[in-house]
>>> print(open('target-v6.cif').read())   # mmCIF, C-alpha atoms
data_coords
#
loop_
_atom_site.label_atom_id
_atom_site.label_comp_id
_atom_site.auth_asym_id
_atom_site.auth_seq_id
_atom_site.Cartn_x
_atom_site.Cartn_y
_atom_site.Cartn_z
CA MET A 1184 14.15 -100.12 37.18
CA ARG A 1185 13.09 -99.39 40.71
CA LYS A 1186 9.44 -100.13 41.46
CA GLU A 1187 8.78 -96.68 42.87
CA LEU A 1188 9.96 -95.07 39.61
CA GLU A 1189 8.00 -97.31 37.27
CA LYS A 1190 4.87 -95.20 37.48
CA TYR A 1191 6.73 -92.31 35.84
CA PHE A 1192 7.53 -94.31 32.71
CA ARG A 1193 5.46 -95.65 29.83
CA LYS A 1194 6.92 -99.08 30.33
CA ASP A 1195 5.56 -100.41 27.08
CA LYS A 1196 7.69 -97.86 25.20
CA LEU A 1197 10.95 -99.01 26.82
CA PRO A 1198 13.74 -99.84 26.08
CA HIS A 1199 14.47 -96.41 24.65
CA ILE A 1200 16.10 -95.91 21.26
CA TRP A 1201 19.17 -94.09 22.56
CA CYS A 1202 22.54 -95.61 21.72
CA PRO A 1203 24.59 -97.58 24.25
CA GLY A 1204 26.26 -95.10 26.60
CA CYS A 1205 24.17 -92.12 25.47
CA GLY A 1206 23.77 -89.69 28.35
CA HIS A 1207 20.14 -88.90 27.52
CA GLY A 1208 18.92 -91.83 29.60
CA ILE A 1209 20.95 -90.57 32.56
CA ILE A 1210 19.47 -87.07 32.33
CA THR A 1211 15.93 -88.39 31.92
CA GLY A 1212 16.50 -90.59 34.97
CA ALA A 1213 17.75 -87.58 36.92
CA VAL A 1214 14.64 -85.57 36.01
CA ILE A 1215 12.42 -88.44 37.18
CA ARG A 1216 14.34 -88.87 40.42
CA ALA A 1217 14.10 -85.14 41.13
CA ILE A 1218 10.34 -85.25 40.54
CA ASP A 1219 10.07 -88.30 42.80
CA ASN A 1220 12.16 -86.72 45.56
CA LEU A 1221 9.93 -83.63 45.55
CA LYS A 1222 6.78 -85.78 45.47
CA LEU A 1223 5.28 -83.60 42.78
CA GLU A 1224 1.83 -84.54 41.63
CA GLN A 1225 2.21 -86.48 38.41
CA ASN A 1226 -0.96 -85.17 36.83
CA LYS A 1227 0.05 -81.55 37.45
CA ILE A 1228 3.21 -81.85 35.40
CA CYS A 1229 3.48 -81.29 31.67
CA ILE A 1230 6.67 -82.24 29.87
CA VAL A 1231 7.30 -80.59 26.53
CA SER A 1232 10.01 -81.26 23.96
CA GLY A 1233 11.03 -80.18 20.47
CA ILE A 1234 12.84 -82.34 17.93
CA GLY A 1235 15.99 -84.36 18.29
CA CYS A 1236 17.30 -87.38 20.15
CA SER A 1237 16.76 -85.66 23.48
CA SER A 1238 13.25 -84.66 22.55
CA ARG A 1239 12.26 -88.30 22.39
CA ALA A 1240 12.39 -88.33 26.18
CA PRO A 1241 8.75 -87.33 26.89
CA GLY A 1242 7.60 -90.24 24.75
CA TYR A 1243 8.89 -92.58 27.44
CA LEU A 1244 7.46 -90.61 30.34
CA ASN A 1245 4.06 -91.09 31.88
CA PHE A 1246 2.95 -87.48 32.37
CA ASN A 1247 1.03 -85.01 30.28
CA THR A 1248 3.52 -84.76 27.44
CA LEU A 1249 3.91 -82.88 24.20
CA HIS A 1250 6.40 -83.58 21.41
CA THR A 1251 6.39 -80.42 19.31
CA THR A 1252 8.12 -78.93 16.27
CA HIS A 1253 11.82 -78.22 16.02
CA GLY A 1254 12.96 -75.50 18.40
CA ARG A 1255 9.45 -74.59 19.47
CA ALA A 1256 9.22 -76.50 22.72
CA LEU A 1257 9.41 -73.30 24.73
CA ALA A 1258 6.80 -71.61 22.54
CA PHE A 1259 4.33 -74.46 23.12
CA ALA A 1260 5.30 -74.59 26.78
CA THR A 1261 4.58 -70.87 27.13
CA GLY A 1262 1.13 -71.44 25.68
CA ILE A 1263 0.40 -74.30 28.08
CA LYS A 1264 1.58 -72.31 31.08
CA MET A 1265 -0.52 -69.29 30.06
CA ALA A 1266 -3.62 -71.44 29.60
CA ASN A 1267 -3.13 -73.35 32.82
CA PRO A 1268 -0.70 -71.68 35.23
CA GLU A 1269 -1.29 -74.43 37.80
CA LEU A 1270 0.73 -76.89 35.76
CA LYS A 1271 4.40 -77.46 36.39
CA ILE A 1272 6.04 -77.23 32.99
CA ILE A 1273 9.28 -79.00 32.19
CA VAL A 1274 10.93 -78.54 28.81
CA LEU A 1275 13.38 -81.21 27.70
CA THR A 1276 15.40 -79.99 24.75
CA GLY A 1277 18.70 -80.53 22.99
CA ASP A 1278 21.52 -78.08 22.45
CA GLY A 1279 20.62 -77.57 18.79
CA ASP A 1280 16.88 -77.49 19.41
CA CYS A 1281 17.25 -74.93 22.19
CA SER A 1282 20.08 -72.68 21.09
CA ALA A 1283 19.82 -72.70 17.29
CA ILE A 1284 16.33 -73.27 15.94
CA GLY A 1285 14.74 -72.31 19.22
CA GLY A 1286 17.24 -69.63 20.18
CA ASN A 1287 14.78 -66.78 19.96
CA HIS A 1288 12.09 -68.60 21.92
CA PHE A 1289 14.71 -69.37 24.52
CA ILE A 1290 15.86 -65.80 25.16
CA HIS A 1291 12.31 -64.49 25.27
CA ALA A 1292 11.05 -67.18 27.62
CA ALA A 1293 13.97 -66.27 29.85
CA ARG A 1294 13.25 -62.56 29.50
CA ARG A 1295 9.62 -63.02 30.51
CA ASN A 1296 10.61 -65.11 33.50
CA ILE A 1297 7.77 -67.51 32.81
CA ASP A 1298 7.66 -70.40 35.28
CA ILE A 1299 9.18 -73.15 33.12
CA THR A 1300 12.05 -75.49 33.96
CA THR A 1301 14.22 -76.04 30.92
CA VAL A 1302 16.66 -78.95 30.85
CA VAL A 1303 19.12 -78.83 27.95
CA PHE A 1304 20.63 -82.16 26.92
CA ASN A 1305 23.87 -80.62 25.72
CA ASN A 1306 25.75 -83.28 23.79
CA SER A 1307 27.39 -80.72 21.46
CA ILE A 1308 25.96 -82.22 18.28
CA TYR A 1309 22.81 -82.88 16.28
CA GLY A 1310 22.73 -86.60 16.96
CA MET A 1311 19.45 -87.56 15.32
CA THR A 1312 20.46 -86.24 11.90
CA SER A 1313 23.92 -87.83 12.05
CA GLY A 1314 26.18 -85.31 13.68
CA GLN A 1315 26.03 -81.77 12.31
CA TYR A 1316 27.61 -79.11 14.51
CA SER A 1317 25.33 -77.04 16.71
CA PRO A 1318 25.88 -73.61 18.27
CA MET A 1319 27.16 -75.45 21.31
CA THR A 1320 29.75 -77.59 19.54
CA PRO A 1321 33.10 -76.50 20.99
CA LYS A 1322 35.42 -74.54 18.71
CA GLY A 1323 37.82 -76.89 16.97
CA ALA A 1324 35.63 -79.99 17.37
CA PHE A 1325 34.79 -82.13 14.36
CA ALA A 1326 31.32 -82.77 13.01
CA THR A 1327 29.76 -84.09 9.81
CA THR A 1328 29.40 -80.49 8.66
CA ALA A 1329 32.77 -79.45 10.08
CA PRO A 1330 35.17 -82.06 8.66
CA TYR A 1331 38.16 -79.74 9.18
CA GLY A 1332 37.09 -78.64 12.64
CA ASN A 1333 34.44 -76.20 13.78
CA ILE A 1334 35.47 -72.55 13.48
CA ASP A 1335 32.39 -71.15 15.24
CA ARG A 1336 32.71 -70.12 18.84
CA ASN A 1337 30.21 -71.96 20.98
CA PHE A 1338 27.52 -70.44 23.16
CA ASP A 1339 27.83 -70.43 26.90
CA LEU A 1340 24.13 -71.12 27.40
CA CYS A 1341 24.21 -70.29 31.10
CA LYS A 1342 25.61 -66.83 30.45
CA LEU A 1343 23.12 -66.33 27.64
CA ALA A 1344 20.20 -67.34 29.86
CA GLN A 1345 21.34 -65.12 32.68
CA ALA A 1346 21.80 -62.13 30.39
CA ALA A 1347 18.38 -62.74 28.88
CA GLY A 1348 16.70 -62.70 32.29
CA ALA A 1349 16.43 -66.29 33.53
CA THR A 1350 16.10 -66.35 37.31
CA TYR A 1351 17.69 -69.73 38.04
CA VAL A 1352 20.72 -70.87 36.05
CA ALA A 1353 22.87 -73.92 36.69
CA ARG A 1354 25.04 -76.45 34.89
CA GLY A 1355 25.46 -80.12 35.67
CA THR A 1356 26.91 -83.13 33.89
CA VAL A 1357 25.97 -86.73 33.26
CA TYR A 1358 28.98 -87.77 35.32
CA HIS A 1359 27.95 -85.87 38.46
CA VAL A 1360 24.46 -87.33 38.77
CA PRO A 1361 23.75 -86.78 42.50
CA GLN A 1362 24.56 -83.09 42.02
CA LEU A 1363 22.47 -82.99 38.86
CA ILE A 1364 19.44 -84.33 40.72
CA LYS A 1365 19.87 -81.67 43.41
CA LEU A 1366 20.13 -78.91 40.79
CA MET A 1367 16.97 -80.20 39.13
CA GLU A 1368 15.10 -80.25 42.42
CA LYS A 1369 16.10 -76.66 42.98
CA ALA A 1370 15.10 -75.66 39.46
CA LEU A 1371 11.73 -77.38 39.84
CA LYS A 1372 11.06 -75.59 43.12
CA HIS A 1373 12.09 -72.22 41.70
CA LYS A 1374 9.31 -69.91 40.60
CA GLY A 1375 10.28 -68.34 37.28
CA PHE A 1376 12.36 -69.39 34.32
CA SER A 1377 15.01 -71.91 35.28
CA LEU A 1378 17.69 -73.38 33.06
CA ILE A 1379 19.83 -76.43 33.64
CA ASP A 1380 22.51 -76.93 31.02
CA VAL A 1381 23.50 -80.59 31.26
CA VAL A 1382 26.82 -81.55 29.71
CA ASP A 1383 26.01 -84.80 27.98
CA ILE A 1384 27.80 -87.38 25.84
CA CYS A 1385 27.00 -88.58 22.31
CA PRO A 1386 29.34 -91.53 21.85
CA THR A 1387 27.97 -92.36 18.41
CA TYR A 1388 28.37 -89.11 16.51
CA PHE A 1389 30.38 -86.67 18.58
CA GLY A 1390 32.53 -89.41 20.06
CA ARG A 1391 33.38 -91.11 16.77
CA ARG A 1392 33.98 -87.89 14.82
CA ASN A 1393 36.31 -86.63 17.50
CA LYS A 1394 38.00 -90.00 18.02
CA MET A 1395 37.16 -89.97 21.68
CA GLY A 1396 36.50 -93.67 21.95
CA SER A 1397 34.00 -95.26 24.26
CA PRO A 1398 31.33 -93.69 26.47
CA VAL A 1399 33.66 -94.44 29.39
CA VAL A 1400 36.45 -92.30 27.90
CA MET A 1401 33.99 -89.48 27.19
CA MET A 1402 32.78 -89.61 30.78
CA GLU A 1403 36.36 -89.55 32.05
CA LYS A 1404 36.94 -86.45 29.97
CA ILE A 1405 33.94 -84.74 31.57
CA ARG A 1406 35.28 -85.70 34.99
CA GLU A 1407 38.72 -84.26 34.19
CA MET A 1408 37.41 -81.03 32.69
CA SER A 1409 34.79 -80.21 35.32
CA ILE A 1410 35.42 -77.64 38.02
CA THR A 1411 33.00 -76.01 40.41
CA ALA A 1412 31.76 -72.48 39.89
CA ARG A 1413 33.45 -71.50 43.16
CA THR A 1414 36.86 -72.77 42.03
CA ALA A 1415 36.38 -71.20 38.62
CA ALA A 1416 35.83 -67.79 40.18
CA LYS A 1417 39.39 -67.87 41.52
CA LEU A 1418 41.01 -68.85 38.22
CA PRO A 1419 42.16 -66.48 35.47
CA PRO A 1420 39.92 -66.63 32.36
CA GLU A 1421 42.61 -68.20 30.13
CA GLU A 1422 42.68 -71.26 32.34
CA LEU A 1423 38.93 -71.71 31.99
CA SER A 1424 38.83 -72.23 28.23
CA GLU A 1425 39.31 -75.99 28.53
CA LYS A 1426 37.09 -76.38 31.58
CA ILE A 1427 33.46 -77.22 32.19
CA VAL A 1428 32.26 -75.02 35.00
CA ILE A 1429 29.48 -76.72 36.93
CA GLY A 1430 27.15 -75.69 39.74
CA GLU A 1431 24.75 -72.86 40.35
CA PHE A 1432 25.44 -69.57 38.62
CA TYR A 1433 22.49 -67.40 39.36
CA GLU A 1434 19.34 -67.24 41.41
CA GLU A 1435 16.94 -64.39 41.90
CA GLN A 1436 13.29 -63.87 42.80
CA ALA A 1437 11.50 -61.77 40.20
CA PRO A 1438 7.86 -61.26 39.11
CA GLU A 1439 6.64 -64.33 37.26
CA TYR A 1440 4.99 -63.88 33.89
CA THR A 1441 1.68 -65.73 34.36
CA GLU A 1442 1.13 -64.00 37.70
CA GLU A 1443 1.73 -60.65 36.07
CA TYR A 1444 -0.69 -61.62 33.33
CA ALA A 1445 -3.34 -62.60 35.87
CA LYS A 1446 -3.06 -59.08 37.28
CA VAL A 1447 -3.62 -57.62 33.83
CA MET A 1448 -6.72 -59.77 33.38
CA LYS A 1449 -8.07 -58.63 36.70
CA LYS A 1450 -7.44 -55.01 35.79
CA ALA A 1451 -9.07 -55.40 32.39
CA GLN A 1452 -12.11 -57.03 33.97
CA GLY A 1453 -12.64 -54.06 36.27
CA GLY A 1454 -10.75 -55.15 39.36
CA LYS A 1455 -8.77 -52.70 41.41
CA LEU A 1456 -5.62 -51.19 39.95
CA ASN A 1457 -2.15 -51.91 41.28
CA GLU A 1458 -3.18 -54.96 43.16
CA MET B 1368 28.35 -113.28 49.85
CA ASP B 1369 27.51 -112.75 53.49
CA GLU B 1370 24.20 -111.49 54.81
CA LYS B 1371 25.34 -107.92 55.15
CA SER B 1372 26.31 -107.46 51.52
CA ILE B 1373 24.21 -105.06 49.49
CA ARG B 1374 21.78 -106.54 47.04
CA ILE B 1375 22.47 -105.62 43.42
CA SER B 1376 20.19 -106.61 40.59
CA ILE B 1377 20.94 -106.18 36.91
CA ASP B 1378 18.26 -106.35 34.25
CA GLU B 1379 20.15 -108.11 31.48
CA LYS B 1380 17.47 -107.40 28.92
CA ALA B 1381 17.70 -103.66 29.52
CA CYS B 1382 21.52 -103.51 29.61
CA LYS B 1383 23.12 -102.11 26.43
CA LYS B 1384 26.67 -102.93 27.58
CA CYS B 1385 27.96 -99.35 27.64
CA GLY B 1386 30.34 -100.20 30.47
CA LEU B 1387 29.75 -97.08 32.57
CA CYS B 1388 28.85 -99.03 35.71
CA ILE B 1389 31.97 -101.18 35.43
CA ALA B 1390 34.33 -98.27 34.81
CA PHE B 1391 33.07 -95.85 37.45
CA CYS B 1392 32.26 -98.08 40.40
CA PRO B 1393 34.47 -96.65 43.17
CA MET B 1394 34.79 -100.10 44.75
CA LYS B 1395 35.35 -102.14 41.56
CA VAL B 1396 32.34 -104.33 42.20
CA TYR B 1397 31.90 -105.29 38.53
CA VAL B 1398 34.03 -106.80 35.81
CA SER B 1399 33.15 -106.91 32.14
CA GLU B 1400 32.20 -110.11 30.41
CA GLY B 1401 31.68 -109.25 26.78
CA GLY B 1402 30.61 -105.78 27.89
CA LYS B 1403 28.10 -107.04 30.44
CA PRO B 1404 28.66 -106.16 34.09
CA ILE B 1405 29.32 -109.22 36.21
CA ILE B 1406 29.25 -108.77 39.99
CA VAL B 1407 32.53 -110.12 41.38
CA ASN B 1408 33.09 -108.08 44.50
CA GLN B 1409 29.67 -107.71 46.05
CA ASN B 1410 30.97 -107.42 49.62
CA ALA B 1411 32.81 -104.25 48.66
CA CYS B 1412 29.60 -102.48 47.58
CA THR B 1413 28.88 -99.47 49.80
CA ASN B 1414 25.38 -98.84 48.44
CA CYS B 1415 26.46 -95.50 46.95
CA LYS B 1416 24.11 -96.15 44.01
CA LEU B 1417 26.31 -94.28 41.52
CA CYS B 1418 26.05 -97.16 39.03
CA GLU B 1419 22.29 -97.11 39.33
CA LEU B 1420 22.13 -93.32 38.81
CA ARG B 1421 24.56 -93.42 35.88
CA CYS B 1422 22.94 -96.36 34.10
CA PRO B 1423 21.38 -94.83 30.96
CA ASP B 1424 19.05 -97.81 30.62
CA TYR B 1425 17.73 -98.12 34.19
CA ALA B 1426 19.07 -101.67 34.32
CA ILE B 1427 20.63 -101.63 37.80
CA ILE B 1428 19.02 -101.57 41.23
CA VAL B 1429 21.33 -101.32 44.23
CA GLY B 1430 20.15 -102.09 47.75
CA GLY B 1431 16.87 -101.74 49.57
CA GLU B 1432 14.42 -102.57 46.83
CA ASP B 1433 11.78 -105.22 46.68
CA VAL B 1434 13.50 -107.26 43.98
CA GLU B 1435 11.29 -110.12 43.01
#
>>> encode(input="target-v6.cif", output="structure tokens")
Amino acid sequence: MRKELEKYFRKDKLPHIWCPGCGHGIITGAVIRAIDNLKLEQNKICIVSGIGCSSRAPGYLNFNTLHTTHGRALAFATGIKMANPELKIIVLTGDGDCSAIGGNHFIHAARRNIDITTVVFNNSIYGMTSGQYSPMTPKGAFATTAPYGNIDRNFDLCKLAQAAGATYVARGTVYHVPQLIKLMEKALKHKGFSLIDVVDICPTYFGRRNKMGSPVVMMEKIREMSITARTAAKLPPEELSEKIVIGEFYEEQAPEYTEEYAKVMKKAQGGKLNE
Amino acid sequence: MDEKSIRISIDEKACKKCGLCIAFCPMKVYVSEGGKPIIVNQNACTNCKLCELRCPDYAIIVGGEDVE
């Protein structure tokens, strides 16, 4: 590891437990590099996670960190941000943690436009518990709990976030790392709720169940399937079903929740109205 | 290796032999030896750092670092 990045890690906790070729290490590295590029103050950052393989990430990171209950990362993060709006809050969560167990917290955090950056490690599976399908497992894919193929339609988390009110929405992949770092920098600079859906690989459970082979083959698949949001806009919808659309989808400036709340406090304490 | 070639260091203890660096190097700098990346074409390295960024285990450092 590069010397300048070492301060962001709890070196005594490394090497991490993630399997060979797991994309989680790549995403965590991208988060760290984005933080380093922006020169954010380490002590003013709080990283929060739920449960799952991805949620182990804060354990390796040398910031204020919180490893919470399943699906509730955003609920805890909301509490931290309300108590101390000065902190930069980053939520690292998995696809199951965020969209299933934490689905309700997710849409309401987005709706409130609270200033939290959420990074979803979307490997399409519950890896830690041996490969059950999640709401983001593609239709037709195999999982421990879908031995004949998954019949559920999967969420498009970016569309969900945008509809719920998130003010910065983007998707990256573990193959396109330089782009991913740029998206993360933008999300970290954005004031309001930002979501980055990161298409990730789980070679151990998703890869084996779906006979995809090595991490290299899974990465090649991501490379083949990825198209930019701009290209996707020109294609008919039926051609998009097998594609991963990456890039920025939405950005807007809107009132941020903790700032709105500060106004309420001021009002309640006898300050001027409508300030 | 001539003086201009880019320095590449691999932390063998951290490497989990996933093979991503070997497969996706645009200049084919590495070959696999039992899964481990072996540098065979160092002069071809363009310092793009893609292998470093894609290494899930932070085992690679490419160019411009105070490697001790």
>>> residues_around(input="target-v6.cif", residues="His1199 of chain A", least_positions_apart="5", cutoff="9 Å", atoms="all atoms listed in the file", output="VMD selection string")
(chain A and resid 1208 1239 to 1240 1243) or (chain B and resid 1424)
>>> closest_residue(input="target-v6.cif", among="A:Glu1403, A:Asp1195, A:Glu1435, A:Glu1443", to="chain B", atoms="all atoms listed in the file")
A:Glu1403
>>> resolve_selection(input="target-v6.cif", expression="the PyMOL selection byres ((chain B and resi 1386-1398) around 6)", output="list in words")
Val1399 of chain A; Lys1384, Cys1385, Ser1399, Pro1404, Ile1405, Ile1406, Val1407, Asn1408, Gln1409 and Cys1418 of chain B
>>> interface_residues(input="target-v6.cif", of="chain B", to="chain A", cutoff="6 Å", atoms="all atoms listed in the file", output="list in words")
Lys1383, Cys1385, Leu1387, Arg1421, Pro1423, Tyr1425 and Ala1426 of chain B
>>> residues_near_point(input="target-v6.cif", point="(23.9, -78.4, 22.9)", cutoff="9 Å", atoms="only C-alpha atoms", output="list in words")
Thr1276, Gly1277, Asp1278, Gly1279, Asp1280, Cys1281, Ser1282, Ala1283, Val1303, Phe1304, Asn1305, Asn1306, Ser1307, Ile1308, Tyr1309, Ser1317, Pro1318, Met1319, Thr1320, Phe1338, Leu1340, Asp1380, Val1381, Val1382 and Asp1383 of chain A
>>> atom_distance(input="target-v6.cif", atom1="atom CA of Glu1434 of chain A", atom2="atom CA of His1373 of chain A")
8.8 Å
>>> atom_distance(input="target-v6.cif", atom1="atom CA of Lys1374 of chain A", atom2="atom CA of Pro1438 of chain A")
8.9 Å
>>> resolve_selection(input="target-v6.cif", expression="the PyMOL selection byres ((chain A and resi 1321) around 8)", output="list of chain:residue names")
A:Ser1307, A:Met1319, A:Thr1320, A:Lys1322, A:Gly1323, A:Ala1324, A:Asn1333, A:Asp1335, A:Arg1336, A:Asn1337
>>> write_last_selection(input="target-v6.cif", atoms="C-alpha atoms", output="compact mmCIF listing (two decimals), in the coordinates of the input")
# COMPACT_ATOMS: atom_id res chain seq x y z
CA SER A 1307 27.39 -80.72 21.46
CA MET A 1319 27.16 -75.45 21.31
CA THR A 1320 29.75 -77.59 19.54
CA LYS A 1322 35.42 -74.54 18.71
CA GLY A 1323 37.82 -76.89 16.97
CA ALA A 1324 35.63 -79.99 17.37
CA ASN A 1333 34.44 -76.20 13.78
CA ASP A 1335 32.39 -71.15 15.24
CA ARG A 1336 32.71 -70.12 18.84
CA ASN A 1337 30.21 -71.96 20.98
>>> resolve_selection(input="target-v6.cif", expression="the PyMOL selection byres ((chain A and resi 1407-1420) around 10)", output="ChimeraX atom specification")
/A:1353-1356,1358-1359,1382,1401-1406,1421-1432
>>> closest_residue(input="target-v6.cif", among="A:Ser1377, A:Thr1252, A:Asn1247, A:Asn1267", to="Val1302 of chain A", atoms="only C-alpha atoms")
A:Ser1377
>>> atom_distance(input="target-v6.cif", atom1="atom CA of Val1447 of chain A", atom2="atom CA of Gly1348 of chain A")
21.0 Å
>>> residues_around(input="target-v6.cif", residues="Gly1430 of chain B", least_positions_apart="2", cutoff="12 Å", atoms="all atoms listed in the file", output="PyMOL selection string")
(chain A and resi 1185) or (chain B and resi 1371-1377+1409+1412-1419+1427-1428+1432-1434)
>>> write_last_selection(input="target-v6.cif", atoms="C-alpha atoms", output="short mmCIF file (atom, residue, chain, number, x, y, z; two decimals), keeping the file's coordinate frame")
data_model
loop_
_atom_site.label_atom_id
_atom_site.label_comp_id
_atom_site.auth_asym_id
_atom_site.auth_seq_id
_atom_site.Cartn_x
_atom_site.Cartn_y
_atom_site.Cartn_z
CA ARG A 1185 13.09 -99.39 40.71
CA LYS B 1371 25.34 -107.92 55.15
CA SER B 1372 26.31 -107.46 51.52
CA ILE B 1373 24.21 -105.06 49.49
CA ARG B 1374 21.78 -106.54 47.04
CA ILE B 1375 22.47 -105.62 43.42
CA SER B 1376 20.19 -106.61 40.59
CA ILE B 1377 20.94 -106.18 36.91
CA GLN B 1409 29.67 -107.71 46.05
CA CYS B 1412 29.60 -102.48 47.58
CA THR B 1413 28.88 -99.47 49.80
CA ASN B 1414 25.38 -98.84 48.44
CA CYS B 1415 26.46 -95.50 46.95
CA LYS B 1416 24.11 -96.15 44.01
CA LEU B 1417 26.31 -94.28 41.52
CA CYS B 1418 26.05 -97.16 39.03
CA GLU B 1419 22.29 -97.11 39.33
CA ILE B 1427 20.63 -101.63 37.80
CA ILE B 1428 19.02 -101.57 41.23
CA GLU B 1432 14.42 -102.57 46.83
CA ASP B 1433 11.78 -105.22 46.68
CA VAL B 1434 13.50 -107.26 43.98
#
>>> residues_around(input="target-v6.cif", residues="segment 1224-1232 of chain A", least_positions_apart="6", cutoff="9 Å", atoms="all atoms listed in the file", output="PyMOL selection string")
chain A and resi 1191+1218+1238-1241+1244-1257+1259-1260+1263+1269-1277
